file work02.cif (mmCIF, C-alpha atoms)
data_start
loop_
_atom_site.label_atom_id
_atom_site.label_comp_id
_atom_site.auth_asym_id
_atom_site.auth_seq_id
_atom_site.Cartn_x
_atom_site.Cartn_y
_atom_site.Cartn_z
CA ALA C 1 0.00 0.00 0.00
CA GLN C 2 1.14 3.52 -0.67
CA SER C 3 2.21 5.59 2.30
CA VAL C 4 4.17 8.69 3.17
CA THR C 5 6.18 9.24 6.33
CA GLN C 6 7.31 12.58 7.61
CA PRO C 7 9.36 11.68 10.67
CA ASP C 8 9.59 15.19 12.08
CA ILE C 9 6.35 16.50 13.53
CA HIS C 10 7.82 19.84 14.58
CA ILE C 11 11.06 21.61 13.61
CA THR C 12 12.43 24.93 14.81
CA VAL C 13 15.17 26.74 12.89
CA SER C 14 16.73 30.16 13.17
CA GLU C 15 16.09 32.70 10.47
CA GLY C 16 18.84 32.48 7.89
CA ALA C 17 19.69 28.89 8.72
CA SER C 18 19.35 26.06 6.26
CA LEU C 19 16.39 23.70 6.33
CA GLU C 20 15.78 20.09 5.42
CA LEU C 21 12.42 18.42 5.87
CA ARG C 22 12.35 14.67 5.50
CA CYS C 23 9.90 12.61 3.52
CA ASN C 24 9.92 8.87 2.91
CA TYR C 25 7.41 7.10 0.75
CA SER C 26 6.29 3.58 0.08
CA TYR C 27 5.12 2.84 -3.41
CA GLY C 28 5.59 -0.08 -5.76
CA ALA C 29 6.49 1.86 -8.88
CA THR C 30 7.92 5.25 -9.73
CA PRO C 31 5.81 7.67 -7.74
CA TYR C 32 4.68 11.16 -8.42
CA LEU C 33 5.86 13.28 -5.48
CA PHE C 34 4.76 16.65 -4.21
CA TRP C 35 5.47 19.11 -1.47
CA TYR C 36 2.72 21.46 -0.31
CA VAL C 37 2.76 24.20 2.30
CA GLN C 38 -0.16 25.30 4.46
CA SER C 39 -0.33 28.50 6.45
CA PRO C 40 -2.77 28.68 9.37
CA GLY C 41 -6.36 28.70 8.22
CA GLN C 42 -5.39 28.37 4.59
CA GLY C 43 -5.49 25.77 1.86
CA LEU C 44 -2.48 23.98 0.44
CA GLN C 45 -0.02 25.71 -1.84
CA LEU C 46 2.12 23.63 -4.17
CA LEU C 47 5.85 24.16 -3.62
CA LEU C 48 7.21 21.66 -6.13
CA LYS C 49 6.62 18.33 -7.78
CA TYR C 50 8.51 15.39 -9.22
CA PHE C 51 7.09 13.34 -12.05
CA SER C 52 10.18 12.10 -13.86
CA GLY C 53 13.56 13.19 -15.19
CA ASP C 54 16.02 15.26 -13.19
CA THR C 55 15.91 14.10 -9.60
CA LEU C 56 16.64 17.55 -8.22
CA VAL C 57 13.61 19.75 -8.64
CA GLN C 58 13.30 23.44 -8.01
CA GLY C 59 10.19 25.01 -6.62
CA ILE C 60 8.81 28.33 -5.55
CA LYS C 61 10.08 30.47 -2.71
CA GLY C 62 13.62 29.12 -3.06
CA PHE C 63 12.75 25.52 -2.15
CA GLU C 64 14.19 22.45 -3.80
CA ALA C 65 13.78 18.71 -3.30
CA GLU C 66 15.76 15.67 -4.33
CA PHE C 67 14.24 12.36 -5.31
CA LYS C 68 16.35 9.42 -4.16
CA ARG C 69 14.89 6.18 -5.37
CA SER C 70 17.36 4.01 -3.44
CA GLN C 71 16.29 5.63 -0.19
CA SER C 72 12.62 6.12 -1.09
CA SER C 73 13.01 9.72 -0.06
CA PHE C 74 12.01 13.13 -1.33
CA ASN C 75 13.48 15.62 1.14
CA LEU C 76 12.71 19.31 0.92
CA ARG C 77 15.51 21.83 1.36
CA LYS C 78 16.04 25.56 1.54
CA PRO C 79 19.45 27.16 1.99
CA SER C 80 18.28 30.14 4.04
CA VAL C 81 14.97 30.23 5.89
CA HIS C 82 12.88 33.39 6.18
CA TRP C 83 10.43 34.13 8.96
CA SER C 84 7.61 33.93 6.41
CA ASP C 85 8.43 30.25 5.83
CA ALA C 86 6.86 29.34 9.16
CA ALA C 87 4.00 27.01 8.22
CA GLU C 88 3.10 23.35 7.97
CA TYR C 89 4.66 21.33 5.18
CA PHE C 90 3.13 18.25 3.63
CA CYS C 91 4.74 15.65 1.43
CA ALA C 92 2.41 13.68 -0.84
CA VAL C 93 2.63 10.77 -3.23
CA GLY C 94 0.38 10.10 -6.19
CA ALA C 95 -0.18 7.03 -8.29
CA ARG C 96 -0.08 6.87 -12.05
CA ALA C 97 -3.64 5.66 -12.45
CA THR C 98 -5.36 8.23 -10.29
CA ASN C 99 -5.29 11.82 -9.14
CA LYS C 100 -5.58 10.63 -5.55
CA LEU C 101 -2.87 11.95 -3.27
CA ILE C 102 -1.62 10.24 -0.15
CA PHE C 103 -0.31 12.79 2.33
CA GLY C 104 2.17 12.56 5.13
CA THR C 105 1.24 13.80 8.57
CA GLY C 106 3.00 17.09 8.03
CA THR C 107 5.93 18.92 9.59
CA LEU C 108 5.26 22.14 11.45
CA LEU C 109 8.09 24.61 10.93
CA ALA C 110 8.79 27.38 13.40
CA VAL C 111 11.33 30.09 12.60
CA GLN C 112 13.18 31.86 15.39
CA PRO C 113 14.35 35.44 14.86
CA LYS D 1 -6.56 32.93 -13.85
CA ALA D 2 -8.67 32.80 -10.77
CA GLY D 3 -7.83 30.04 -8.34
CA VAL D 4 -10.01 27.37 -6.83
CA THR D 5 -12.91 28.81 -4.91
CA GLN D 6 -14.87 27.11 -2.17
CA THR D 7 -18.08 28.21 -0.54
CA PRO D 8 -18.96 28.70 2.16
CA ARG D 9 -15.69 29.25 3.99
CA TYR D 10 -17.16 28.51 7.41
CA LEU D 11 -20.15 26.49 8.47
CA ILE D 12 -21.71 25.48 11.77
CA LYS D 13 -24.19 22.61 11.85
CA THR D 14 -25.69 20.35 14.47
CA ARG D 15 -25.59 16.58 14.64
CA GLY D 16 -28.04 14.87 12.33
CA GLN D 17 -28.22 17.72 9.85
CA GLN D 18 -26.85 17.56 6.36
CA VAL D 19 -24.51 19.96 4.60
CA THR D 20 -23.53 20.80 1.04
CA LEU D 21 -20.18 22.32 0.15
CA SER D 22 -19.32 23.82 -3.20
CA CYS D 23 -16.12 24.00 -5.21
CA SER D 24 -15.39 25.87 -8.42
CA PRO D 25 -12.19 24.66 -10.10
CA ILE D 26 -9.71 26.71 -12.06
CA SER D 27 -11.12 27.66 -15.43
CA GLY D 28 -10.46 24.87 -17.92
CA HIS D 29 -9.80 22.24 -15.28
CA ARG D 30 -12.00 19.17 -15.45
CA SER D 31 -10.93 17.20 -12.40
CA VAL D 32 -12.07 18.00 -8.89
CA SER D 33 -10.96 16.09 -5.82
CA TRP D 34 -12.11 16.45 -2.23
CA TYR D 35 -10.08 15.93 0.93
CA GLN D 36 -10.90 16.00 4.61
CA GLN D 37 -8.34 17.43 7.02
CA THR D 38 -8.56 16.80 10.75
CA PRO D 39 -5.95 17.04 13.52
CA GLY D 40 -6.29 13.34 14.28
CA GLN D 41 -6.44 11.79 10.82
CA GLY D 42 -4.60 14.39 8.76
CA LEU D 43 -5.41 14.82 5.10
CA GLN D 44 -7.58 12.07 3.68
CA PHE D 45 -8.86 11.63 0.16
CA LEU D 46 -12.64 11.57 -0.18
CA PHE D 47 -13.31 11.28 -3.92
CA GLU D 48 -12.43 12.61 -7.34
CA TYR D 49 -14.70 13.66 -10.17
CA PHE D 50 -13.80 14.06 -13.80
CA SER D 51 -16.25 15.02 -16.52
CA GLU D 52 -19.21 14.56 -14.17
CA THR D 53 -18.15 11.00 -13.24
CA GLN D 54 -16.70 9.81 -10.00
CA ARG D 55 -13.31 8.43 -10.92
CA ASN D 56 -11.93 7.49 -7.52
CA LYS D 57 -13.28 7.11 -4.04
CA GLY D 58 -11.63 7.03 -0.63
CA ASN D 59 -12.61 5.03 2.44
CA PHE D 60 -15.43 7.13 3.77
CA PRO D 61 -18.99 6.04 4.65
CA GLY D 62 -21.83 6.50 2.24
CA ARG D 63 -22.94 9.60 4.12
CA PHE D 64 -20.30 11.40 2.12
CA SER D 65 -21.26 11.94 -1.48
CA GLY D 66 -20.48 14.29 -4.29
CA ARG D 67 -21.28 15.28 -7.78
CA GLN D 68 -19.87 17.33 -10.59
CA PHE D 69 -21.74 19.53 -13.01
CA SER D 70 -21.16 20.10 -16.69
CA ASN D 71 -19.26 23.31 -15.94
CA SER D 72 -16.87 21.26 -13.72
CA ARG D 73 -18.15 22.82 -10.51
CA SER D 74 -18.49 20.22 -7.81
CA GLU D 75 -20.54 19.80 -4.67
CA MET D 76 -19.94 17.57 -1.73
CA ASN D 77 -22.73 16.49 0.57
CA VAL D 78 -22.55 15.01 4.04
CA SER D 79 -25.77 13.63 5.46
CA THR D 80 -26.60 12.84 9.08
CA LEU D 81 -23.68 14.82 10.42
CA GLU D 82 -21.64 13.46 13.28
CA LEU D 83 -19.34 15.33 15.64
CA GLY D 84 -16.37 13.64 13.98
CA ASP D 85 -17.22 15.26 10.67
CA SER D 86 -15.89 18.55 12.01
CA ALA D 87 -12.97 19.27 9.72
CA LEU D 88 -11.48 21.42 7.04
CA TYR D 89 -12.75 20.21 3.68
CA LEU D 90 -10.40 20.97 0.82
CA CYS D 91 -11.13 20.88 -2.86
CA ALA D 92 -8.39 20.37 -5.45
CA SER D 93 -8.58 21.20 -9.12
CA GLY D 94 -6.64 19.36 -11.81
CA GLY D 95 -6.13 19.93 -15.49
CA GLY D 96 -6.90 18.33 -18.79
CA GLY D 97 -7.75 14.77 -17.90
CA SER D 98 -4.67 12.59 -17.95
CA THR D 99 -4.19 10.87 -14.67
CA GLN D 100 -1.91 12.26 -12.06
CA GLU D 101 -1.67 15.91 -12.75
CA THR D 102 -0.68 18.77 -10.58
CA GLN D 103 -3.53 19.63 -8.30
CA TYR D 104 -4.27 23.06 -6.97
CA PHE D 105 -6.11 23.46 -3.72
CA GLY D 106 -8.75 25.91 -2.64
CA PRO D 107 -8.83 27.66 0.75
CA GLY D 108 -11.17 25.08 2.21
CA THR D 109 -14.48 25.05 4.03
CA ARG D 110 -14.22 24.72 7.77
CA LEU D 111 -17.16 22.73 9.11
CA LEU D 112 -18.00 22.61 12.79
CA VAL D 113 -20.58 20.09 13.95
CA LEU D 114 -22.14 20.74 17.36
#

call {"tool": "encode", "arguments": {"input": "work02.cif", "output": "structure tokens"}}
result
Amino acid sequence: AQSVTQPDIHITVSEGASLELRCNYSYGATPYLFWYVQSPGQGLQLLLKYFSGDTLVQGIKGFEAEFKRSQSSFNLRKPSVHWSDAAEYFCAVGARATNKLIFGTGTLLAVQP
Amino acid sequence: KAGVTQTPRYLIKTRGQQVTLSCSPISGHRSVSWYQQTPGQGLQFLFEYFSETQRNKGNFPGRFSGRQFSNSRSEMNVSTLELGDSALYLCASGGGGSTQETQYFGPGTRLLVL
């Protein structure tokens, strides 16, 4: 069965520090992978996606993610965090035959001044 | 292009009532999916509609139903509301019809069941 694991429920980083949010997935074939961000009381905003090709994908707001098939991971990174990045981040996996997304439990990011 | 719109944004109902939520996808998009978000269960897929047909369904009871109109707008209905149905209901809009496309989410409808 497909599943997504985000091991870190809550992360606190200092403004200007680098960030890496972990995501591991379980899926029998090549997955479609997504990262979304959700600010309080808001919907989900797409940060980036991986369908195929280059395993390092660039997204909005300076985020990037790397697909590592051997580790079943799709970690999200940002070299320098801004206070406005404080939000909840969700990793999701999709299957080829459906638009259904399976989401991880999310990682809540706090940014210290 | 306007984004995904959902109405109403907030709703308060009592147990046993029914509720209808509405979602208008991005212009030109034909796929609409619905998700339920709760603190305990996280984000869970309810169902997906494409060209007025339900294409996929999640593991929710039959009290949860939906439909899609010819203009791609979608409604979701929950009958006989239970306290546990309190959640943020998110609608996602997808493009031209091939499976697994990028989905864009609306702001959600927050439902409180008393």

call {"tool": "interface_residues", "arguments": {"input": "work02.cif", "of": "chain D", "to": "chain C", "cutoff": "9 Å", "atoms": "all atoms listed in the file", "output": "PyMOL selection string"}}
result
chain D and resi 31+33+41-48+55-58+88+90-91+94+98-108+110

call {"tool": "closest_residue", "arguments": {"input": "work02.cif", "among": "C:Arg69, C:Ser80, C:Thr107, C:Phe63", "to": "C:Ala17", "atoms": "all atoms listed in the file"}}
result
C:Ser80

call {"tool": "residues_around", "arguments": {"input": "work02.cif", "residues": "C:Gln2", "least_positions_apart": "6", "cutoff": "8 Å", "atoms": "all atoms listed in the file", "output": "JSON, numbers by chain"}}
result
{"C": [25, 26, 27, 28, 93, 102]}

call {"tool": "resolve_selection", "arguments": {"input": "work02.cif", "expression": "the PyMOL selection byres ((chain D and resi 3) around 6)", "output": "compact mmCIF listing (two decimals) with C-alpha atoms, keeping the file's coordinate frame"}}
result
# COMPACT_ATOMS: atom_id res chain seq x y z
CA ALA D 2 -8.67 32.80 -10.77
CA VAL D 4 -10.01 27.37 -6.83
CA ILE D 26 -9.71 26.71 -12.06

call {"tool": "atom_distance", "arguments": {"input": "work02.cif", "atom1": "atom CA of D:Thr38", "atom2": "atom CA of D:Ser74"}}
result
21.3 Å

call {"tool": "closest_residue", "arguments": {"input": "work02.cif", "among": "D:Met76, D:Ala92, D:Leu112, D:Leu81", "to": "D:Arg30", "atoms": "all atoms listed in the file"}}
result
D:Ala92

call {"tool": "closest_residue", "arguments": {"input": "work02.cif", "among": "C:Asn24, C:Ser39, C:Gln112, C:Thr12", "to": "C:Gln71", "atoms": "all atoms listed in the file"}}
result
C:Asn24

call {"tool": "residues_around", "arguments": {"input": "work02.cif", "residues": "C:Leu21", "least_positions_apart": "5", "cutoff": "9 Å", "atoms": "all atoms listed in the file", "output": "JSON, numbers by chain"}}
result
{"C": [6, 7, 8, 11, 74, 75, 76, 77, 89, 107]}

call {"tool": "atom_distance", "arguments": {"input": "work02.cif", "atom1": "atom CA of D:Gly66", "atom2": "atom CA of D:His29"}}
result
17.3 Å

call {"tool": "atom_distance", "arguments": {"input": "work02.cif", "atom1": "atom CA of D:Thr14", "atom2": "atom CA of D:Pro61"}}
result
18.6 Å

call {"tool": "resolve_selection", "arguments": {"input": "work02.cif", "expression": "the PyMOL selection byres ((chain D and resi 70) around 12)", "output": "PyMOL selection string"}}
result
chain D and resi 24+28-31+49-53+67-69+71-74

call {"tool": "closest_residue", "arguments": {"input": "work02.cif", "among": "C:Glu66, C:Glu20, C:Glu15, C:Asp54", "to": "C:Ala86", "atoms": "only C-alpha atoms"}}
result
C:Glu15

call {"tool": "residues_around", "arguments": {"input": "work02.cif", "residues": "stretch 16-18 of chain D", "least_positions_apart": "5", "cutoff": "8 Å", "atoms": "only C-alpha atoms", "output": "list in words"}}
result
Asn77, Val78, Ser79, Thr80, Leu81 and Glu82 of chain D

call {"tool": "residues_around", "arguments": {"input": "work02.cif", "residues": "C:Pro79", "least_positions_apart": "6", "cutoff": "8 Å", "atoms": "only C-alpha atoms", "output": "PyMOL selection string"}}
result
chain C and resi 16-19+62

call {"tool": "residues_around", "arguments": {"input": "work02.cif", "residues": "D:Ile12", "least_positions_apart": "6", "cutoff": "10 Å", "atoms": "all atoms listed in the file", "output": "JSON, numbers by chain"}}
result
{"D": [19, 86, 110, 111, 112, 113, 114]}

call {"tool": "axis_aligned_box", "arguments": {"input": "work02.cif", "around": "stretch 73-81 of chain C", "padding_each_side": "3 Å", "output": "AutoDock Vina command-line options"}}
result
--center_x 15.7 --center_y 20.0 --center_z 2.3 --size_x 13.4 --size_y 26.5 --size_z 13.2

call {"tool": "closest_residue", "arguments": {"input": "work02.cif", "among": "C:Trp35, C:Ser52, C:Cys91, C:Ile9", "to": "C:Glu64", "atoms": "all atoms listed in the file"}}
result
C:Trp35
